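Here is the structure we will look at, set down as structure tokens.
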Amino acid sequence: MAEVAFGGSAEKISLEEVGLRYEVDGEIATITLDRPDKRNAQTFATWSALAQIGDNLPQQVRVVVVRGEGPSFSAGIDLRMFTPEGVPGQGSFASSAKLDSSAFEQRIAQAQQGFLWLRRPDIVSVAAVQGHAIGAGFQLALACDLRVLADDAQLCMKEPALGLVPDLTGTKPLVDLVGLSRAVEICLTARTVGAQEAARIGLAELVVAPEDLAGAVRDLTAALLATGRDAATATKRLLQGASGRTLEEQCAAERQEQVVRIKALFAGS
Ligand code: CAA
């Protein structure tokens with residue numbers, strides 16, 4: 001997939017123009033935010049492209065790595081959105097504000113599609129985060145199942161400080177990971193959470209030196225792939241459903257998944 005249409009437009013632009021790279025190597029897909037000179041700032045086109053990558057993910061892919069080129073994972077939304085001129089071809093917040101509310105919500109829903117697929121049970125998504133992950137950058141890291149941080153990582157939910165709310169699917173994983181009180185504190189102060197604190201409060205699985213980030217992600221990916229696809233998918237589905245179920249319901253879900261597994265493993269024996 002080398003081109004992407006966005007905002008309902010028929011016009012197509014290349015991934016390179018969007019500032020993304022996308023590579024598939026067997027069971028591993030790697031998405032790279034690739035606008036390092038602008039600290040990998042994101043636009044609506046970035047999110048459309050992410051959604052299209054998700055829609056077209058080859059069936060063999062089991063791990064999706066999301067990384068950023070250069071010193072920062074992502075400095076969040078492209079600040080040109082706040083200017084009257086906006087981002088060429090994509091408008092501005094001022095132009096979006098003129099849409100009726102349901103059309104505007106629809107536009108945000110499209111943007112959210114770029115993030116939501118990263119939770120699919122048939123894949124495991126891993127964010128490799130160095131430097132700044134601000135606003136949409138933090139939310140993209142939160143959209144992934146796992147986060148590996150370089151020790152220089154700085155996470156910041158800046159939206160409330162800009163008069164906005166985080167709306168790119170980040171609020172639920174944040175609350176699920178750190179609890180309501182800590183999430184309120186992090187968001188409403190818009191403070192920076194460093195890598196060590198992130199690991200302590202559950203926002204990171206692993207913190208490594210910046211030069212070890214790629215290697216740590218490679219090792220984690222290899223370990224994830226060592227588990228068979230069907231058992232991994234069923235287990236992730238089970239774990240994802242756990243917080244929304246009672247213990248009894250979860251036990252029933254375990255039984256159902258296990259019956260399917262054992263029947264599949266021992267069919268014909
Ligand atoms: N949008 C557009 N350009 C950006 C950018 C952004 N979000 N962040 C950085 N850049 C650009 C800078 O303008 C600069 O460009 P020029 O070289 O052309 O001047 C280049 O990237 C390098 O930036 P800095 O010199 O500032 O780099 P730094 O390493 O000293 O600082 C930084 C990095 C702390 C991330 C700083 O750039 C910064 O604070 N950026 C803005 C962060 C921000 O407020 N993002 C919005 C978050 S809210 C959000 O994302 C909302 C939402 O989802 C709805």
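Chain lettering (A, B, ...) mirrors the order of the structure tokens, residue numbering begins at 1 for each chain separately, and ligand numbering begins at 1 in order of display.
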Find the nearest atom pair between each residue of range 95-137 of chain A and range 64-83 of chain A for residues within 6 Å, count only C-alpha atoms, give distances in Å to one decimal, sort rows by chain and ascending number, and present the table as a Markdown table.
| residue | atom | partner | partner_atom | distance |
| --- | --- | --- | --- | --- |
| A:Ser125 | CA | A:Val64 | CA | 4.6 |
| A:Val126 | CA | A:Val65 | CA | 4.8 |
| A:Ala127 | CA | A:Val66 | CA | 4.8 |
| A:Ala128 | CA | A:Arg67 | CA | 5.0 |
| A:Val129 | CA | A:Phe73 | CA | 5.3 |
| A:Gln130 | CA | A:Phe73 | CA | 5.4 |
| A:Gly131 | CA | A:Ser72 | CA | 4.3 |
| A:His132 | CA | A:Ser72 | CA | 4.8 |
| A:Ala133 | CA | A:Ser74 | CA | 5.0 |
| A:Ile134 | CA | A:Ala75 | CA | 4.9 |
| A:Gly135 | CA | A:Gly76 | CA | 4.8 |
| A:Ala136 | CA | A:Gly76 | CA | 4.2 |
| A:Gly137 | CA | A:Gly76 | CA | 4.5 |
Legend entry - Which residue of A:Pro173, A:Gly241, A:Gly54, A:Pro36 approaches ligand 1 most closely, using only C-alpha atoms and all ligand atoms: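 Smallest distance to ligand 1 is found for A:Pro36.
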Inset, instruction - Just the residues within 10 Å of Phe44 in chain A, please, counting only C-alpha atoms, with nothing from its chain fewer than 5 positions along; format it as a count of residues only. - result: 17
Contact table range 47-92 of chain A vs range 229-233 of chain A, cut-off 10 Å, shortest pair per residue, only C-alpha atoms, as CSV:
residue,atom,partner,partner_atom,distance
A:Gln60,CA,A:Arg229,CA,9.6
A:Val61,CA,A:Arg229,CA,9.9
A:Arg62,CA,A:Arg229,CA,7.4
Legend entry - Counting only C-alpha atoms, the option among A:Val217, A:Ala190, A:Leu180, A:Ala253 closest to Leu146 in chain A: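 Under the stated criterion, the closest residue is A:Val217.
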Legend entry - Residue among A:Lys172, A:Arg39, A:Arg21, A:Lys263 lying closest to ligand 1, counting only C-alpha atoms and all ligand atoms: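 Checking each of A:Lys172, A:Arg39, A:Arg21, A:Lys263 against ligand 1, counting only C-alpha atoms and all ligand atoms, the winner is A:Arg39.
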Inset, instruction - Point out the residue among A:Ser101, A:Arg200, A:Val148, A:Ala109 with the least atom-to-atom distance to Ala214 in chain A, counting only C-alpha atoms. - result: A:Val148
